[in-house]
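File shown: protein_13.txt (compact mmCIF, C-alpha atoms).
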# COMPACT_ATOMS: atom_id res chain seq x y z
CA MET A 1 0.00 0.00 0.00
CA LYS A 2 1.20 3.53 -0.78
CA LEU A 3 0.80 6.56 1.48
CA HIS A 4 0.47 9.07 -1.37
CA PRO A 5 -0.97 8.96 -4.89
CA PRO A 6 1.66 8.19 -7.54
CA GLN A 7 3.12 11.29 -9.18
CA VAL A 8 3.53 11.25 -12.96
CA GLU A 9 7.10 12.03 -14.02
CA LEU A 10 6.99 14.26 -17.09
CA ASN A 11 9.81 15.07 -19.49
CA LEU A 12 9.32 18.82 -19.79
CA TYR A 13 8.86 20.00 -23.41
CA GLU A 14 8.72 16.39 -24.62
CA ASP A 15 5.67 14.78 -23.00
CA GLY A 16 2.27 16.21 -23.85
CA PHE A 17 -1.13 14.88 -22.85
CA GLY A 18 -0.40 11.60 -24.60
CA THR A 19 -2.80 8.69 -24.47
CA ASP A 20 -3.39 8.94 -20.73
CA ASP A 21 -5.27 12.21 -20.48
CA LEU A 22 -6.84 11.24 -17.15
CA LEU A 23 -8.59 14.56 -16.49
CA GLY A 24 -9.70 15.14 -20.09
CA ARG A 25 -7.81 18.39 -20.63
CA ARG A 26 -6.31 17.78 -24.05
CA SER A 27 -9.11 19.79 -25.67
CA SER A 28 -8.40 22.80 -23.43
CA GLY A 29 -4.75 22.57 -24.46
CA ARG A 30 -5.66 22.60 -28.14
CA GLN A 31 -7.87 25.67 -27.67
CA LEU A 32 -5.05 27.49 -25.88
CA SER A 33 -2.56 26.63 -28.63
CA GLU A 34 -4.90 27.74 -31.41
CA LEU A 35 -5.56 31.08 -29.71
CA LEU A 36 -1.93 31.98 -29.07
CA GLU A 37 -0.74 30.90 -32.52
CA ARG A 38 -3.18 33.07 -34.47
CA ILE A 39 -2.91 36.29 -32.44
CA GLU A 40 -0.07 38.64 -33.31
CA ASP A 41 -0.54 41.28 -30.62
CA PRO A 42 1.22 40.45 -27.34
CA VAL A 43 -1.14 38.61 -25.00
CA VAL A 44 -0.92 37.92 -21.28
CA LEU A 45 -3.34 35.12 -20.41
CA ALA A 46 -4.07 34.04 -16.83
CA LEU A 47 -4.89 30.37 -16.34
CA ASP A 48 -7.01 31.04 -13.28
CA GLY A 49 -7.88 28.45 -10.66
CA PRO A 50 -7.67 27.78 -6.93
CA TRP A 51 -4.69 26.13 -5.30
CA GLY A 52 -4.64 22.42 -6.05
CA SER A 53 -6.84 22.57 -9.16
CA GLY A 54 -4.21 21.03 -11.46
CA LYS A 55 -2.89 24.16 -13.19
CA THR A 56 0.76 23.16 -12.91
CA HIS A 57 0.13 19.63 -14.21
CA PHE A 58 -1.80 21.05 -17.16
CA LEU A 59 0.83 23.67 -18.03
CA ARG A 60 3.77 21.28 -17.80
CA ARG A 61 1.97 18.94 -20.20
CA TRP A 62 0.88 21.78 -22.47
CA VAL A 63 4.37 23.19 -23.16
CA GLY A 64 5.21 19.82 -24.71
CA ALA A 65 1.84 19.26 -26.41
CA HIS A 66 1.85 22.66 -28.12
CA SER A 67 4.19 21.49 -30.88
CA SER A 68 4.01 17.70 -30.74
CA GLU A 69 0.21 17.33 -30.50
CA ASN A 70 -1.35 20.69 -31.36
CA GLY A 71 0.73 21.65 -34.41
CA GLY A 72 2.01 24.86 -32.83
CA HIS A 73 5.07 26.67 -34.23
CA ALA A 74 5.88 28.82 -31.19
CA THR A 75 8.83 28.24 -28.91
CA THR A 76 7.40 27.40 -25.47
CA VAL A 77 9.21 28.24 -22.23
CA TYR A 78 8.23 27.04 -18.75
CA PHE A 79 9.31 29.29 -15.87
CA ASP A 80 8.61 28.40 -12.24
CA ALA A 81 8.34 31.83 -10.61
CA PHE A 82 8.25 30.45 -7.07
CA SER A 83 11.58 28.63 -7.44
CA ASN A 84 13.15 31.84 -8.80
CA ASP A 85 11.84 34.40 -6.34
CA TYR A 86 15.13 34.43 -4.43
CA LEU A 87 16.26 36.82 -7.18
CA ASP A 88 15.46 40.50 -6.79
CA ASP A 89 14.84 41.05 -10.49
CA PRO A 90 12.74 38.50 -12.42
CA LEU A 91 14.17 39.74 -15.71
CA ILE A 92 17.36 37.76 -15.05
CA GLY A 93 15.55 34.47 -14.49
CA LEU A 94 13.26 34.97 -17.48
CA THR A 95 16.05 35.77 -19.92
CA GLY A 96 17.98 32.71 -18.74
CA ALA A 97 14.98 30.40 -19.17
CA ILE A 98 14.26 31.76 -22.66
CA GLY A 99 17.89 31.42 -23.72
CA GLU A 100 17.92 27.73 -22.78
CA ARG A 101 15.04 27.07 -25.18
CA LEU A 102 16.40 28.85 -28.25
CA PRO A 103 18.16 26.71 -30.85
CA SER A 104 21.78 27.39 -31.79
CA ASN A 105 21.25 29.65 -34.80
CA PRO A 106 21.63 33.37 -35.58
CA LYS A 107 18.58 34.13 -33.46
CA LYS A 108 20.34 32.84 -30.39
CA ASN A 109 23.04 35.45 -31.01
CA HIS A 110 20.37 38.13 -30.87
CA TRP A 111 19.28 36.73 -27.53
CA LYS A 112 22.83 36.83 -26.20
CA LYS A 113 22.67 40.58 -26.72
CA ALA A 114 19.31 40.71 -24.92
CA LYS A 115 20.73 38.71 -22.03
CA THR A 116 23.67 41.10 -21.71
CA VAL A 117 21.27 44.03 -21.66
CA ALA A 118 19.15 42.28 -19.02
CA PHE A 119 22.10 42.01 -16.64
CA LYS A 120 22.79 45.69 -17.09
CA LEU A 121 19.12 46.44 -16.46
CA ALA A 122 18.97 44.49 -13.20
CA ARG A 123 18.42 47.28 -10.72
CA PRO A 124 21.00 47.26 -7.89
CA ALA A 125 20.04 48.57 -4.50
CA LEU A 126 20.53 52.33 -4.24
CA ARG A 127 22.32 52.98 -0.97
CA ILE A 128 22.96 56.54 0.17
CA GLY A 129 25.34 57.60 2.91
CA ALA A 130 25.07 57.87 6.62
CA ALA A 131 22.17 60.34 6.63
CA ALA A 132 19.83 57.78 5.06
CA ALA A 133 21.22 54.91 7.10
CA THR A 134 20.55 56.65 10.39
CA SER A 135 16.93 57.07 9.28
CA GLY A 136 16.65 53.33 8.72
CA LEU A 137 16.52 53.77 4.93
CA THR A 138 18.88 51.63 2.89
CA GLU A 139 17.04 51.62 -0.44
CA VAL A 140 15.48 54.89 -1.49
CA THR A 141 13.88 55.97 -4.73
CA GLY A 142 11.42 58.50 -6.11
CA PRO A 143 9.70 60.81 -3.59
CA VAL A 144 11.65 59.36 -0.65
CA LEU A 145 14.91 60.20 -2.40
CA ASP A 146 13.71 63.74 -3.13
CA ALA A 147 12.86 64.27 0.52
CA ILE A 148 16.30 63.15 1.63
CA ILE A 149 17.96 65.44 -0.90
CA GLU A 150 16.17 68.44 0.62
CA THR A 151 17.79 67.77 3.99
CA GLY A 152 21.04 66.35 2.72
CA GLY A 153 23.89 68.06 0.95
CA LYS A 154 26.03 67.83 -2.14
CA GLU A 155 26.56 64.10 -1.60
CA MET A 156 22.83 63.48 -1.78
CA GLU A 157 22.45 65.66 -4.85
CA ASN A 158 25.19 63.81 -6.69
CA ALA A 159 23.64 60.47 -5.78
CA ALA A 160 20.28 61.62 -7.11
CA GLU A 161 21.80 62.80 -10.40
CA ALA A 162 23.51 59.42 -10.85
CA PHE A 163 20.23 57.68 -10.08
CA TRP A 164 18.27 59.54 -12.75
CA LYS A 165 21.04 59.06 -15.29
CA ARG A 166 20.82 55.36 -14.63
CA GLU A 167 17.07 55.53 -15.23
CA ASP A 168 17.66 57.19 -18.62
CA GLY A 169 20.06 54.40 -19.44
CA ARG A 170 17.46 51.89 -18.37
CA ARG A 171 14.97 53.22 -20.85
CA ALA A 172 17.52 53.01 -23.65
CA ALA A 173 18.45 49.48 -22.61
CA MET A 174 14.77 48.54 -22.50
CA HIS A 175 14.48 49.61 -26.14
CA GLN A 176 17.53 47.47 -27.01
CA PHE A 177 16.00 44.51 -25.21
CA ARG A 178 12.74 44.76 -27.13
CA GLU A 179 14.59 45.05 -30.43
CA ALA A 180 16.50 41.86 -29.67
CA LEU A 181 13.23 40.17 -28.76
CA LYS A 182 11.70 41.21 -32.09
CA GLN A 183 14.63 39.66 -33.93
CA ILE A 184 14.00 36.19 -32.50
CA THR A 185 10.25 36.24 -33.24
CA SER A 186 10.36 37.77 -36.74
CA SER A 187 10.81 35.93 -40.03
CA SER A 188 13.91 35.99 -42.18
CA ASP A 189 14.96 34.55 -45.49
CA SER A 190 15.95 31.29 -43.85
CA ASP A 191 13.08 30.61 -41.48
CA GLU A 192 9.47 31.39 -40.71
CA THR A 193 7.93 33.62 -38.08
CA LYS A 194 8.13 31.78 -34.79
CA PRO A 195 6.20 33.20 -31.83
CA LEU A 196 7.46 32.93 -28.27
CA ILE A 197 5.15 31.73 -25.48
CA VAL A 198 6.42 31.94 -21.90
CA VAL A 199 4.52 30.06 -19.20
CA ILE A 200 5.02 31.60 -15.75
CA ASP A 201 3.75 29.22 -13.09
CA GLU A 202 3.20 29.50 -9.31
CA LEU A 203 3.13 33.31 -9.42
CA ASP A 204 0.69 33.61 -6.52
CA ARG A 205 3.04 31.67 -4.21
CA CYS A 206 5.86 34.22 -4.60
CA ARG A 207 6.89 37.07 -2.33
CA PRO A 208 4.48 39.96 -2.99
CA ASP A 209 7.17 42.33 -4.30
CA TYR A 210 8.59 39.67 -6.61
CA ALA A 211 5.17 38.64 -7.96
CA LEU A 212 4.31 42.22 -8.84
CA SER A 213 7.77 42.76 -10.32
CA VAL A 214 7.10 39.86 -12.68
CA LEU A 215 3.96 41.59 -13.95
CA GLU A 216 5.85 44.87 -14.40
CA VAL A 217 8.68 43.17 -16.29
CA VAL A 218 6.27 41.35 -18.60
CA LYS A 219 4.39 44.55 -19.38
CA HIS A 220 7.35 46.85 -19.95
CA PHE A 221 10.02 44.59 -21.41
CA PHE A 222 8.13 41.92 -23.33
CA ALA A 223 5.32 43.91 -24.98
CA VAL A 224 6.41 42.79 -28.45
CA PRO A 225 4.29 41.26 -31.24
CA ARG A 226 4.15 37.46 -31.23
CA VAL A 227 5.41 37.27 -27.64
CA HIS A 228 2.79 35.82 -25.30
CA PHE A 229 2.65 34.91 -21.63
CA VAL A 230 0.52 32.33 -19.84
CA LEU A 231 0.34 32.84 -16.08
CA GLY A 232 -0.59 29.86 -13.91
CA VAL A 233 -2.20 31.72 -11.04
CA ASN A 234 -5.10 32.07 -8.65
CA LEU A 235 -6.31 35.57 -9.51
CA GLU A 236 -8.02 35.91 -6.13
CA ALA A 237 -4.73 35.20 -4.36
CA LEU A 238 -2.88 37.56 -6.71
CA ALA A 239 -5.41 40.30 -5.92
CA HIS A 240 -4.67 39.71 -2.23
CA ILE A 241 -0.96 40.22 -2.99
CA VAL A 242 -1.81 43.54 -4.64
CA ARG A 243 -3.77 44.66 -1.57
CA THR A 244 -0.93 43.51 0.71
CA ARG A 245 1.52 45.61 -1.26
CA TYR A 246 -0.58 48.73 -1.90
CA GLY A 247 -3.20 48.68 0.85
CA VAL A 248 -6.73 47.34 1.23
CA GLY A 249 -8.20 50.45 -0.39
CA VAL A 250 -6.70 49.74 -3.80
CA ASP A 251 -8.92 48.25 -6.52
CA ALA A 252 -6.86 45.08 -6.98
CA ASN A 253 -8.90 43.72 -9.87
CA ASP A 254 -8.56 46.97 -11.81
CA TYR A 255 -4.82 46.96 -11.13
CA LEU A 256 -4.44 43.43 -12.53
CA LYS A 257 -6.37 44.36 -15.69
CA ARG A 258 -3.46 46.61 -16.61
CA PHE A 259 -1.26 43.54 -17.00
CA ILE A 260 -3.55 40.61 -17.88
CA THR A 261 -5.43 40.53 -21.17
CA ILE A 262 -7.45 37.28 -20.99
CA SER A 263 -8.37 34.76 -18.30
CA MET A 264 -9.01 31.06 -18.80
CA GLN A 265 -10.24 28.32 -16.49
CA LEU A 266 -9.85 24.59 -16.73
CA PRO A 267 -13.12 22.65 -17.16
CA ASN A 268 -14.73 21.16 -14.05
CA PHE A 269 -15.65 17.95 -15.88
CA VAL A 270 -13.78 15.14 -17.64
CA GLU A 271 -14.31 15.41 -21.37
CA GLY A 272 -16.15 12.46 -22.89
CA GLN A 273 -17.25 10.97 -19.56
CA GLU A 274 -20.75 12.38 -19.11
CA GLY A 275 -19.73 15.34 -17.01
CA LYS A 276 -17.73 13.40 -14.40
CA ARG A 277 -15.79 15.74 -12.13
CA PRO A 278 -11.98 15.55 -12.48
CA GLU A 279 -11.64 15.24 -8.70
CA LEU A 280 -13.67 11.99 -8.77
CA LYS A 281 -11.73 10.60 -11.72
CA TYR A 282 -8.46 11.37 -9.97
CA PHE A 283 -9.72 9.76 -6.76
CA GLU A 284 -10.76 6.55 -8.53
CA ARG A 285 -7.45 6.11 -10.32
CA SER A 286 -5.30 7.05 -7.32
CA ALA A 287 -7.23 4.89 -4.84
CA GLU A 288 -6.68 1.88 -7.07
CA HIS A 289 -2.96 2.59 -7.49
CA MET A 290 -2.50 3.16 -3.76
CA GLY A 291 -4.22 -0.09 -2.82
CA ILE A 292 -7.12 1.48 -0.88
CA GLU A 293 -9.66 -1.27 -0.15
CA LYS A 294 -12.60 -1.18 -2.53
CA GLY A 295 -15.20 -1.30 0.23
CA LEU A 296 -13.66 1.86 1.67
CA SER A 297 -12.93 3.68 -1.61
CA ASP A 298 -16.48 3.09 -2.92
CA VAL A 299 -17.96 4.83 0.12
CA ALA A 300 -15.48 7.70 -0.21
CA LYS A 301 -16.25 8.09 -3.90
CA ASN A 302 -19.99 8.40 -3.19
CA GLN A 303 -19.42 11.00 -0.49
CA LEU A 304 -17.02 12.98 -2.67
CA ASP A 305 -19.59 12.96 -5.46
CA LEU A 306 -22.12 14.45 -3.05
CA ALA A 307 -19.76 17.03 -1.50
CA VAL A 308 -17.48 18.07 -4.36
CA GLY A 309 -19.55 21.05 -5.44
CA SER A 310 -20.43 22.64 -2.13
CA ALA A 311 -17.20 21.78 -0.29
CA LYS A 312 -14.99 22.95 -3.20
CA ILE A 313 -12.74 19.92 -3.00
CA SER A 314 -9.58 20.29 -5.10
CA LEU A 315 -7.25 17.70 -6.60
CA ARG A 316 -4.78 18.46 -3.81
CA ASP A 317 -7.53 17.87 -1.24
CA VAL A 318 -8.22 14.50 -2.88
CA GLU A 319 -4.57 13.55 -2.33
CA ARG A 320 -4.82 14.44 1.35
CA ILE A 321 -8.07 12.48 1.71
CA LEU A 322 -6.44 9.42 0.15
CA THR A 323 -3.46 9.69 2.50
CA ARG A 324 -5.73 9.81 5.54
CA LEU A 325 -7.71 6.83 4.30
CA ALA A 326 -4.42 4.95 3.95
CA LEU A 327 -3.55 5.81 7.57
CA LEU A 328 -6.76 4.46 9.09
CA PRO A 329 -6.18 1.68 11.64
CA LYS A 330 -8.04 -1.61 10.94
CA ARG A 331 -8.31 -0.44 7.35
CA ASN A 332 -8.51 -3.98 6.02
CA GLU A 333 -11.50 -4.69 8.25
CA ILE A 334 -13.58 -1.58 7.50
CA GLY A 335 -15.02 -3.06 4.31
CA ASN A 336 -16.81 -5.67 6.43
CA PHE A 337 -18.28 -3.17 8.90
CA LEU A 338 -21.99 -2.36 8.91
CA TRP A 339 -22.68 0.48 6.51
CA GLY A 340 -23.24 3.15 9.18
CA TRP A 341 -19.72 2.73 10.57
CA LYS A 342 -18.16 2.93 7.10
CA GLU A 343 -20.09 6.04 6.15
CA LEU A 344 -19.24 7.86 9.37
CA ILE A 345 -15.54 6.97 9.20
CA VAL A 346 -15.28 8.33 5.67
CA SER A 347 -17.38 11.38 6.54
CA LEU A 348 -15.02 12.18 9.41
CA VAL A 349 -12.00 11.79 7.12
CA LEU A 350 -13.51 14.32 4.72
CA LEU A 351 -14.21 16.73 7.57
CA GLN A 352 -10.69 16.23 8.93
CA VAL A 353 -9.22 17.35 5.61
CA MET A 354 -11.75 19.96 4.49
CA ARG A 355 -13.31 21.31 7.70
CA PRO A 356 -10.95 20.68 10.67
CA THR A 357 -13.08 22.78 13.01
CA LEU A 358 -16.12 20.61 12.28
CA PHE A 359 -14.00 17.49 12.74
CA GLU A 360 -13.06 18.69 16.23
CA ALA A 361 -16.66 19.73 16.91
CA ALA A 362 -17.86 16.21 16.06
CA PHE A 363 -15.81 14.76 18.91
CA GLY A 364 -16.43 17.75 21.17
CA GLY A 365 -20.21 17.34 21.01
CA THR A 366 -20.92 20.69 19.36
CA ILE A 367 -21.42 19.73 15.72
CA LYS A 368 -24.90 20.17 14.29
CA VAL A 369 -26.74 18.45 11.45
CA ALA A 370 -26.96 21.85 9.74
CA ASP A 371 -23.14 21.85 9.57
CA ILE A 372 -23.18 18.48 7.83
CA ASN A 373 -25.88 19.59 5.41
CA ASP A 374 -23.89 22.70 4.56
CA PHE A 375 -20.70 20.70 3.94
CA TYR A 376 -22.37 18.18 1.60
CA GLY A 377 -24.73 20.69 0.02
CA ILE A 378 -27.79 18.82 1.31
CA SER A 379 -30.92 20.93 0.99
CA PRO A 380 -34.58 20.07 1.70
CA GLU A 381 -35.07 19.64 -2.06
CA ILE A 382 -32.71 16.65 -2.18
CA SER A 383 -33.21 15.19 1.30
CA HIS A 384 -36.13 13.19 2.67
CA GLU A 385 -38.07 16.35 3.43
CA ALA A 386 -39.23 16.75 -0.19
CA ARG A 387 -39.14 13.41 -1.99
CA GLY A 388 -41.60 14.58 -4.59
CA SER A 389 -39.49 17.57 -5.67
CA GLY A 390 -37.74 15.77 -8.55
CA LYS A 391 -34.34 16.59 -7.02
CA TYR A 392 -34.43 13.91 -4.35
CA SER A 393 -31.13 12.08 -3.74
CA TYR A 394 -31.22 8.83 -1.83
CA TYR A 395 -27.57 9.19 -0.84
CA ALA A 396 -28.15 12.70 0.50
CA TYR A 397 -31.04 11.28 2.51
CA LEU A 398 -28.74 8.60 3.95
CA ILE A 399 -26.00 11.03 5.02
CA HIS A 400 -28.50 13.49 6.48
CA GLY A 401 -30.39 10.77 8.31
CA LEU A 402 -27.25 9.02 9.55
CA TRP A 403 -25.85 12.11 11.19
CA SER A 404 -29.28 13.08 12.52
CA PHE A 405 -29.52 9.64 14.15
CA VAL A 406 -26.01 9.76 15.63
CA LEU A 407 -26.53 13.27 17.00
CA ASN A 408 -30.00 12.24 18.25
CA THR A 409 -31.80 15.04 16.43
CA GLY A 410 -34.57 15.14 13.85
CA LYS A 411 -37.82 13.24 13.46
CA PHE A 412 -37.89 9.73 12.01
CA SER A 413 -40.64 7.46 10.87
CA ASP A 414 -40.57 4.01 12.45
CA LYS A 415 -39.15 2.61 9.21
CA ASP A 416 -36.40 5.19 9.02
CA ARG A 417 -35.45 4.84 12.67
CA GLU A 418 -35.14 1.08 12.26
CA GLN A 419 -32.94 1.51 9.17
CA PHE A 420 -30.51 3.90 10.87
CA SER A 421 -30.40 2.00 14.15
CA LYS A 422 -29.41 -1.16 12.27
CA ALA A 423 -26.68 0.76 10.43
CA PHE A 424 -24.50 0.27 13.53
CA ASP A 425 -25.89 -2.87 15.14
CA GLN A 426 -27.74 -5.70 13.44
CA PHE A 427 -30.26 -5.73 16.26
CA GLY A 428 -30.65 -1.93 16.34
CA LEU A 429 -29.55 -1.71 19.99
CA ARG A 430 -26.50 0.57 19.65
CA GLU A 431 -26.53 3.61 21.94
CA THR A 432 -25.97 6.70 19.80
CA ASP A 433 -23.90 8.57 22.41
CA GLN A 434 -21.17 5.91 22.15
CA ILE A 435 -20.68 5.96 18.37
CA LEU A 436 -18.50 9.04 17.87
CA SER A 437 -16.41 8.41 20.98
CA ARG A 438 -15.70 4.87 19.81
CA LEU A 439 -14.69 6.10 16.35
CA GLN A 440 -12.37 8.69 17.86
CA ARG A 441 -10.72 6.07 20.07
CA ASP A 442 -10.33 3.38 17.40
CA PHE A 443 -9.64 5.38 14.22
CA PHE A 444 -8.67 9.00 14.81
CA SER A 445 -6.46 9.17 17.90
CA THR A 446 -3.30 7.50 16.58
CA PHE A 447 -1.89 9.04 13.40
CA GLU A 448 -1.88 12.60 12.12
CA ILE A 449 -0.17 14.15 9.10
CA LEU A 450 1.99 17.08 10.23
CA ALA A 451 3.41 18.15 6.86
CA GLU A 452 3.06 17.46 3.17
CA THR A 453 5.87 15.21 1.96
CA HIS A 454 5.60 15.59 -1.82
Is it possible to express this structure as structure tokens?
Amino acid sequence: MKLHPPQVELNLYEDGFGTDDLLGRRSSGRQLSELLERIEDPVVLALDGPWGSGKTHFLRRWVGAHSSENGGHATTVYFDAFSNDYLDDPLIGLTGAIGERLPSNPKKNHWKKAKTVAFKLARPALRIGAAAATSGLTEVTGPVLDAIIETGGKEMENAAEAFWKREDGRRAAMHQFREALKQITSSSDSDETKPLIVVIDELDRCRPDYALSVLEVVKHFFAVPRVHFVLGVNLEALAHIVRTRYGVGVDANDYLKRFITISMQLPNFVEGQEGKRPELKYFERSAEHMGIEKGLSDVAKNQLDLAVGSAKISLRDVERILTRLALLPKRNEIGNFLWGWKELIVSLVLLQVMRPTLFEAAFGGTIKVADINDFYGISPEISHEARGSGKYSYYAYLIHGLWSFVLNTGKFSDKDREQFSKAFDQFGLRETDQILSRLQRDFFSTFEILAETH
């Protein structure tokens, strides 16, 4: 048995979606390729999605699929922003990543010039004398610099003049950089026009200043025809970074519109499989590969199917749920338990991953059936309260009734009460106040994951 789902090892730029497109995202990749190949104006596209939604997996496959599967002509570059945010200036990391992808031909010589310019453009820290240091300022620019000059002396004035001269040089160097960029994306007598597409992933995980510097660099240095960027990012998290940097009063969404042209989201269904959610498909495949017992995985699959919409369960959450299922004591025996025990064990695993406060409340005696209904998205229209509504779900009825029985709330018909009482004891004699305490003792008091290991 494995503790974590198997991770697919991809050869970057070589492996595309292939024959094992588990989540059905090949079609999205083709649409992205077609869009970026036919547009000449520079485009910055945000592949928007929450953490753990599979953006990185999709983008790493797409940079290979663009040419090998989608017929694209552009040079694709994958840049992990998070692994490069130790640098102060993202321009250095980007030029290095692009240079590694260019073939050895005259165009690479043009890029050598661009790379040289980029190193000159990398802004060093501006440090000014003892007067600034005693004020706690070690890097000063713009209005702060002007204020210091007013109270400084000739030394400050000279430093300011040098600063602005450097800025003039920066603008000239920026023009040189763009010209070099145009040379590698334009056609010549010997080859065809070849666009450049740079994928910048994990931007929302970076230091706020670095993340915003990336956007500034893309806008000011790479705004060249046939040069496109695809940002793998959670726009909500990026907006939070903007507010962190500039204050809660700033219109973060309006700020981001200055840099991002188009947004795109991955589909929330598996193509060709009758609208099946990718989270469920991933769970099924991973549970089988990890050796999770079928009696246990079947129950988990049903509960995930019920909760996936309202609980907003991501692919990363599915991995954590699988790991906790693998850690359950007596795991090999659970498949033979009466159905009530199995359902509650799995339900508690889901709460432990997705709603830790409710998980603690379940054992602390403060959880309510309304909390369970909210987590699973169980409404009167799909529960036993309105069976004639056309939206009735038998499984929603079971989960609602099971928790209502365990928490000793709600009204049951004699038939329903008998069904739920026999879910834990074949004679229907189990005392409800012992159920959760027994589950805590036997299944949830031994192991706990303290950190992600992959």
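Comparing the minimum interatomic distances between Gly401 of chain A and each of A:Asp201, A:Glu333, A:Glu418, A:Glu69, counting all atoms listed in the file, we find that A:Glu418 sits nearest.
With only C-alpha atoms as the basis for measurement, A:Pro208 is the residue among A:Gly29, A:Gly52, A:Pro208, A:Gly64 that approaches Asp88 of chain A most closely.
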message: as a ChimeraX atom specification, please: the residues near Leu266 of chain A (cut-off 10 Å, all atoms listed in the file, same-chain neighbours under 2 positions excluded).
response: /A:25,28-29,47-49,53-55,58,264,268-269
Output file for the residues above (C-alpha atoms, as a CSV table (one decimal), in the frame of the given file):
chain,number,residue,atom,x,y,z
A,25,ARG,CA,-7.8,18.4,-20.6
A,28,SER,CA,-8.4,22.8,-23.4
A,29,GLY,CA,-4.8,22.6,-24.5
A,47,LEU,CA,-4.9,30.4,-16.3
A,48,ASP,CA,-7.0,31.0,-13.3
A,49,GLY,CA,-7.9,28.4,-10.7
A,53,SER,CA,-6.8,22.6,-9.2
A,54,GLY,CA,-4.2,21.0,-11.5
A,55,LYS,CA,-2.9,24.2,-13.2
A,58,PHE,CA,-1.8,21.0,-17.2
A,264,MET,CA,-9.0,31.1,-18.8
A,268,ASN,CA,-14.7,21.2,-14.0
A,269,PHE,CA,-15.6,18.0,-15.9
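If you look at atom CA of Gly16 of chain A and atom CA of Ala81 of chain A, they are 21.4 Å away from each other.
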Ile449 of chain A environment, 12 Å, only C-alpha atoms, sequence neighbours closer than 5 positions dropped, as a VMD selection string: chain A and resid 3 to 4 320 to 328 352 to 353 444
